[in-house]
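Shown below: entry.cif, with mmCIF, C-alpha atoms.
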```
data_data
loop_
_atom_site.label_atom_id
_atom_site.label_comp_id
_atom_site.auth_asym_id
_atom_site.auth_seq_id
_atom_site.Cartn_x
_atom_site.Cartn_y
_atom_site.Cartn_z
CA MET A 24 1.82 24.19 72.60
CA SER A 25 -1.55 25.45 71.53
CA PRO A 26 -4.46 23.01 71.20
CA ALA A 27 -4.71 23.74 67.40
CA LEU A 28 -1.02 23.01 66.79
CA SER A 29 -1.23 19.85 68.85
CA ARG A 30 -4.18 18.66 66.79
CA ASP A 31 -2.27 19.32 63.51
CA LEU A 32 0.76 17.36 64.69
CA CYS A 33 -1.42 14.47 65.75
CA ALA A 34 -3.20 14.51 62.40
CA SER A 35 0.14 14.52 60.51
CA LYS A 36 1.48 11.59 62.49
CA ALA A 37 -1.75 9.70 61.97
CA ASN A 38 -1.52 10.40 58.24
CA GLY A 39 2.04 9.09 58.08
CA LEU A 40 1.13 6.02 60.08
CA ALA A 41 -1.80 5.35 57.77
CA VAL A 42 0.41 5.56 54.65
CA ALA A 43 3.02 3.31 56.22
CA ALA A 44 0.38 0.85 57.32
CA SER A 45 -1.07 0.83 53.81
CA ARG A 46 2.33 0.10 52.26
CA LEU A 47 3.04 -2.61 54.80
CA ALA A 48 -0.34 -4.14 54.12
CA LYS A 49 0.58 -4.34 50.40
CA GLY A 50 3.84 -6.11 51.19
CA TYR A 51 6.18 -3.15 50.81
CA LEU A 52 9.10 -2.68 53.17
CA PRO A 53 10.60 0.78 53.67
CA SER A 54 13.85 -0.21 51.93
CA VAL A 55 11.97 -1.70 48.99
CA VAL A 56 9.88 1.47 48.67
CA VAL A 57 13.01 3.62 48.61
CA ALA A 58 14.66 1.34 46.05
CA ARG A 59 11.61 1.36 43.79
CA GLU A 60 11.29 5.09 43.98
CA ALA A 61 14.97 5.45 43.06
CA ASP A 62 14.51 3.00 40.16
CA ASN A 63 11.51 4.95 38.90
CA LYS A 64 13.51 8.18 39.00
CA ARG A 65 16.36 6.52 37.06
CA ARG A 66 13.96 5.27 34.40
CA GLN A 67 12.48 8.69 34.04
CA ARG A 68 15.95 10.12 33.45
CA GLY A 69 16.64 7.57 30.59
CA PHE A 70 20.03 6.08 29.68
CA SER A 71 23.26 7.91 30.32
CA THR A 72 25.76 8.67 27.54
CA LEU A 73 28.10 6.04 28.97
CA GLU A 74 25.39 3.39 28.89
CA LEU A 75 24.46 4.22 25.29
CA THR A 76 28.12 4.15 24.22
CA PHE A 77 28.60 0.74 25.83
CA VAL A 78 25.55 -0.68 24.04
CA ILE A 79 26.72 0.68 20.66
CA VAL A 80 30.26 -0.71 21.11
CA MET A 81 28.92 -4.13 22.07
CA SER A 82 26.54 -4.17 19.08
CA LEU A 83 29.36 -3.32 16.66
CA ALA A 84 31.57 -6.02 18.17
CA VAL A 85 28.86 -8.65 17.74
CA MET A 86 28.26 -7.55 14.13
CA ALA A 87 31.98 -7.74 13.33
CA MET A 88 32.23 -11.25 14.77
CA SER A 89 29.20 -12.34 12.77
CA VAL A 90 30.68 -11.02 9.50
CA ILE A 91 33.99 -12.83 10.14
CA GLN A 92 32.23 -16.10 10.95
CA MET A 93 29.99 -15.80 7.86
CA GLN A 94 32.90 -15.08 5.48
CA PRO A 95 33.64 -18.72 4.48
CA PHE A 96 29.94 -19.35 3.85
CA LEU A 97 29.63 -16.22 1.71
CA GLN A 98 32.69 -17.21 -0.34
CA GLN A 99 31.28 -20.66 -1.05
CA THR A 100 27.92 -19.19 -1.96
CA GLN A 101 29.54 -16.78 -4.42
CA ALA A 102 31.60 -19.55 -6.04
CA ASN A 103 28.55 -21.81 -6.34
CA SER A 104 26.52 -19.01 -7.89
CA ALA A 105 29.22 -18.29 -10.49
CA GLN A 106 29.49 -21.97 -11.42
CA GLN A 107 25.73 -22.38 -11.67
CA GLN A 108 25.31 -19.37 -13.96
CA LEU A 109 28.19 -20.47 -16.19
CA LYS A 110 26.83 -24.02 -16.42
CA GLU A 111 23.36 -22.77 -17.36
CA SER A 112 24.81 -20.50 -20.06
CA LEU A 113 26.74 -23.36 -21.66
CA ARG A 114 23.78 -25.72 -21.51
CA GLN A 115 21.57 -23.06 -23.04
CA ALA A 116 24.07 -22.67 -25.89
CA ARG A 117 24.05 -26.42 -26.57
CA GLU A 118 20.25 -26.71 -26.39
CA GLU A 119 19.74 -23.77 -28.77
CA ALA A 120 22.26 -25.20 -31.22
CA ILE A 121 20.26 -28.44 -31.30
CA SER A 122 16.76 -26.94 -31.28
CA GLN A 123 17.50 -24.24 -33.87
CA ARG A 124 19.76 -26.42 -36.01
CA ARG A 125 22.47 -23.80 -36.04
CA THR A 126 25.99 -23.27 -34.69
CA ILE A 127 26.41 -21.29 -31.45
CA VAL A 128 29.79 -19.64 -30.95
CA VAL A 129 31.15 -19.36 -27.40
CA GLN A 130 33.60 -16.59 -26.55
CA PHE A 131 35.46 -15.92 -23.28
CA SER A 132 36.58 -12.36 -22.59
CA GLY A 133 38.98 -11.23 -19.89
CA THR A 134 38.65 -13.06 -16.59
CA LYS A 135 34.90 -12.85 -16.03
CA THR A 136 32.81 -12.75 -19.23
CA ILE A 137 31.31 -15.39 -21.51
CA SER A 138 29.29 -14.41 -24.59
CA LEU A 139 27.17 -16.49 -26.99
CA TYR A 140 26.72 -15.68 -30.69
CA GLN A 141 24.46 -17.22 -33.29
CA VAL A 142 25.74 -18.27 -36.70
CA ALA A 143 23.35 -17.37 -39.51
CA GLU A 144 22.32 -20.18 -41.82
CA PRO A 145 23.01 -20.86 -44.65
CA SER A 146 25.47 -17.97 -44.97
CA ASN A 147 27.51 -19.29 -42.00
CA VAL A 148 28.19 -15.74 -40.78
CA VAL A 149 28.64 -15.13 -37.05
CA SER A 150 26.38 -12.44 -35.64
CA SER A 151 28.20 -9.27 -34.60
CA THR A 152 26.07 -8.99 -31.47
CA ALA A 153 25.99 -11.52 -28.64
CA TYR A 154 22.52 -12.76 -27.81
CA LEU A 155 23.68 -13.59 -24.28
CA SER A 156 26.56 -12.29 -22.15
CA LEU A 157 27.35 -13.35 -18.62
CA VAL A 158 29.70 -11.61 -16.20
CA LEU A 159 30.67 -13.81 -13.27
CA PRO A 160 29.31 -12.39 -9.98
CA GLY A 161 31.39 -10.81 -7.22
CA ALA A 162 35.06 -11.75 -7.02
CA ALA A 163 34.60 -14.98 -9.02
CA GLN A 164 36.73 -15.24 -12.16
CA PHE A 165 38.26 -17.69 -14.62
CA MET A 166 41.35 -18.92 -12.80
CA THR A 167 43.23 -21.76 -11.16
CA LEU A 168 44.58 -21.61 -7.62
CA THR A 169 47.88 -22.72 -6.14
CA GLY A 170 47.62 -26.36 -5.05
CA GLU A 171 44.67 -27.11 -7.33
CA ILE A 172 44.89 -30.28 -9.44
CA ASP A 173 43.29 -31.32 -12.74
CA THR A 174 39.72 -32.66 -12.71
CA PRO A 175 39.02 -36.41 -12.90
CA ASP A 176 38.27 -35.95 -16.63
CA ASN A 177 41.96 -35.05 -17.16
CA PHE A 178 41.30 -32.57 -19.96
CA GLY A 179 44.24 -30.49 -18.79
CA LYS A 180 44.90 -27.64 -16.36
CA PRO A 181 46.02 -24.28 -17.77
CA ALA A 182 49.14 -22.55 -16.51
CA SER A 183 47.07 -19.38 -16.13
CA GLY A 184 43.75 -17.88 -17.12
CA GLY A 185 41.53 -20.74 -16.02
CA ILE A 186 40.53 -21.94 -19.54
CA GLU A 187 41.94 -24.96 -21.35
CA PHE A 188 40.76 -26.53 -24.62
CA ALA A 189 42.37 -29.27 -26.69
CA GLY A 190 45.29 -29.51 -24.26
CA ALA A 191 46.32 -25.86 -24.52
CA SER A 192 45.68 -22.81 -22.36
CA GLY A 193 42.96 -20.50 -23.62
CA THR A 194 40.67 -21.07 -26.58
CA PRO A 195 41.85 -22.14 -30.06
CA THR A 196 42.50 -19.32 -32.51
CA SER A 197 39.62 -20.66 -34.61
CA GLY A 198 37.28 -20.35 -31.61
CA VAL A 199 34.95 -22.85 -29.91
CA GLU A 200 31.31 -23.62 -30.64
CA PHE A 201 28.38 -25.97 -30.19
CA GLN A 202 27.17 -27.65 -33.36
CA SER A 203 23.59 -28.50 -34.31
CA ASP A 204 24.16 -32.15 -33.32
CA GLY A 205 25.18 -31.07 -29.80
CA THR A 206 28.91 -31.66 -30.20
CA PHE A 207 31.48 -29.14 -28.99
CA THR A 208 34.16 -28.26 -31.54
CA ASP A 209 36.81 -25.77 -32.53
CA GLY A 210 36.07 -23.28 -35.30
CA ASN A 211 36.99 -25.86 -37.92
CA GLY A 212 34.40 -28.37 -36.70
CA ASN A 213 36.82 -30.70 -34.89
CA PRO A 214 35.47 -32.04 -31.56
CA ILE A 215 37.56 -30.84 -28.62
CA ASN A 216 37.48 -31.44 -24.88
CA GLY A 217 37.93 -28.57 -22.49
CA THR A 218 37.74 -27.32 -18.90
CA ILE A 219 36.79 -23.96 -17.49
CA PHE A 220 38.26 -23.37 -14.03
CA LEU A 221 36.94 -20.60 -11.82
CA GLY A 222 37.09 -19.44 -8.21
CA LEU A 223 37.83 -16.57 -5.83
CA PRO A 224 41.43 -15.32 -5.49
CA ASN A 225 43.38 -16.92 -2.61
CA VAL A 226 40.45 -19.15 -1.52
CA LEU A 227 41.38 -22.71 -2.52
CA THR A 228 38.07 -24.26 -1.46
CA SER A 229 36.23 -21.83 -3.75
CA ALA A 230 37.71 -23.57 -6.81
CA ARG A 231 35.11 -24.84 -9.26
CA ALA A 232 35.41 -26.46 -12.69
CA ILE A 233 33.17 -27.21 -15.66
CA THR A 234 34.26 -29.76 -18.25
CA ILE A 235 32.88 -30.17 -21.78
CA LEU A 236 33.22 -33.44 -23.71
CA GLY A 237 33.70 -32.63 -27.37
CA ASN A 238 32.12 -35.72 -28.96
CA THR A 239 28.79 -35.27 -27.13
CA GLY A 240 28.87 -31.74 -25.73
CA ARG A 241 28.21 -33.20 -22.28
CA ILE A 242 28.78 -30.69 -19.46
CA LYS A 243 29.95 -31.76 -15.99
CA VAL A 244 30.52 -29.63 -12.89
CA TYR A 245 33.06 -30.12 -10.10
CA ARG A 246 33.72 -28.57 -6.69
CA TYR A 247 37.16 -28.57 -5.05
CA THR A 248 37.41 -29.60 -1.39
CA GLY A 249 40.98 -28.37 -1.02
CA THR A 250 42.44 -31.80 -1.79
CA ALA A 251 40.15 -33.39 -4.41
CA TRP A 252 37.42 -32.69 -6.94
CA VAL A 253 33.87 -33.90 -6.24
CA GLN A 254 30.74 -33.66 -8.36
#
```

Just give me the structure as structure tokens.
Amino acid sequence: MSPALSRDLCASKANGLAVAASRLAKGYLPSVVVAREADNKRRQRGFSTLELTFVIVMSLAVMAMSVIQMQPFLQQTQANSAQQQLKESLRQAREEAISQRRTIVVQFSGTKTISLYQVAEPSNVVSSTAYLSLVLPGAAQFMTLTGEIDTPDNFGKPASGGIEFAGASGTPTSGVEFQSDGTFTDGNGNPINGTIFLGLPNVLTSARAITILGNTGRIKVYRYTGTAWVQ
């Protein structure tokens, strides 16, 4: 071996020993160095298709479970919202009848709509255009559910349709309205009691009810627990 080659080999070994000594001085072991270098290379490559697919599948599974668990809460929220909006519409009708000293006609259409009409004074002619119309939100509608009982006010429970006034399903042929003294009557001015049942199809605990006392126009709201009505 030539002196030059021998010097190069010695220098290379010294270099390697110096690097190893440096790594050892910093607390690195050869196996740890190899592992970290492999980890760095893997990170540089990014995620594999299999890894990405697994993450997506797991995310979708978690989302699906969350939606299922949230379903009862969402149903109750929707029923409460429908009841609140209906209650506010009826109270607004009564307050306007009193404040404006006029009759306010209440009409129910289909399974989801309530409309309010003013009666012109002194001609006593009902306006052809509703000044307020409410469509119940989401799947909420005027209805009763299997197993549901009458409210504690005992104004009657309709066989179908969700609306009962004066002991009969639906509204009287003469209509229903709030008078200027706050009372709730039929179209002939006779005070009548009534109940509006609503809920979401096939969800018994979503049942809600609003009762109206004819002699005073008082409005009460009820929520069904599945076995009883509570205010």

Spatial neighbours of Gln164 of chain A, 10 Å, all atoms listed in the file, chain gap at least 4 places, as a ChimeraX atom specification:
/A:102,105-106,133-136,158-160,184-185,220-224,230

List the neighbours of Asn103 of chain A out to 10 Å using all atoms listed in the file; skip same-chain residues closer than 2 positions along the sequence, and give me the result as a ChimeraX atom specification.
/A:97-101,105-109,163,222,229-231,246

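With atom CA of Gln115 of chain A on one side and atom CA of Thr174 of chain A on the other, the separation reads 23.0 Å.
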
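With atom CA of Val244 of chain A on one side and atom CA of Leu168 of chain A on the other, the separation reads 17.0 Å.
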
For Glu118 of chain A, the nearest of the candidates A:Asp204, A:Val226, A:Gly210, A:Trp252, counting only C-alpha atoms:
A:Asp204

Taking the file above as input, evaluate the PyMOL selection byres ((chain A and resi 155) around 12) and report the hits as a ChimeraX atom specification.
/A:108-109,111-113,115-116,119,127-130,136-141,150,152-154,156-158

For Thr239 of chain A, please output as a ChimeraX atom specification all residues within 9 Å (counting only C-alpha atoms; exclusion window: fewer than 2 positions along the same chain).
/A:204-207,214,235-237,241-242

Residues from the last selection, C-alpha atoms, saved as a tab-separated table (two decimals), keeping the file's coordinate frame:
```tsv
chain	number	residue	atom	x	y	z
A	204	ASP	CA	24.16	-32.15	-33.32
A	205	GLY	CA	25.18	-31.07	-29.80
A	206	THR	CA	28.91	-31.66	-30.20
A	207	PHE	CA	31.48	-29.14	-28.99
A	214	PRO	CA	35.47	-32.04	-31.56
A	235	ILE	CA	32.88	-30.17	-21.78
A	236	LEU	CA	33.22	-33.44	-23.71
A	237	GLY	CA	33.70	-32.63	-27.37
A	241	ARG	CA	28.21	-33.20	-22.28
A	242	ILE	CA	28.78	-30.69	-19.46
```

Would you work out the distance separating atom CA of Phe188 of chain A from atom CA of Ile121 of chain A, expressed in Å to one decimal?
21.6 Å

For segment 220-239 of chain A, what centre and edge lengths in Å (one decimal) does the axis-aligned box get once 4 Å is added on each side of all its listed atoms, as lines of an AutoDock Vina configuration file?
```
center_x = 36.1
center_y = -25.5
center_z = -15.2
size_x = 22.6
size_y = 28.4
size_z = 35.5
```

Determine the residue membership of the PyMOL selection byres ((chain A and resi 171-173) around 9) for the file above and supply it as a PyMOL selection string.
chain A and resi 167-170+174-180+227+230+247+249-252

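Residue nearest Ile233 of chain A, chosen from A:Gln94, A:Leu75, A:Arg114, A:Asn213 and counting only C-alpha atoms: A:Arg114.
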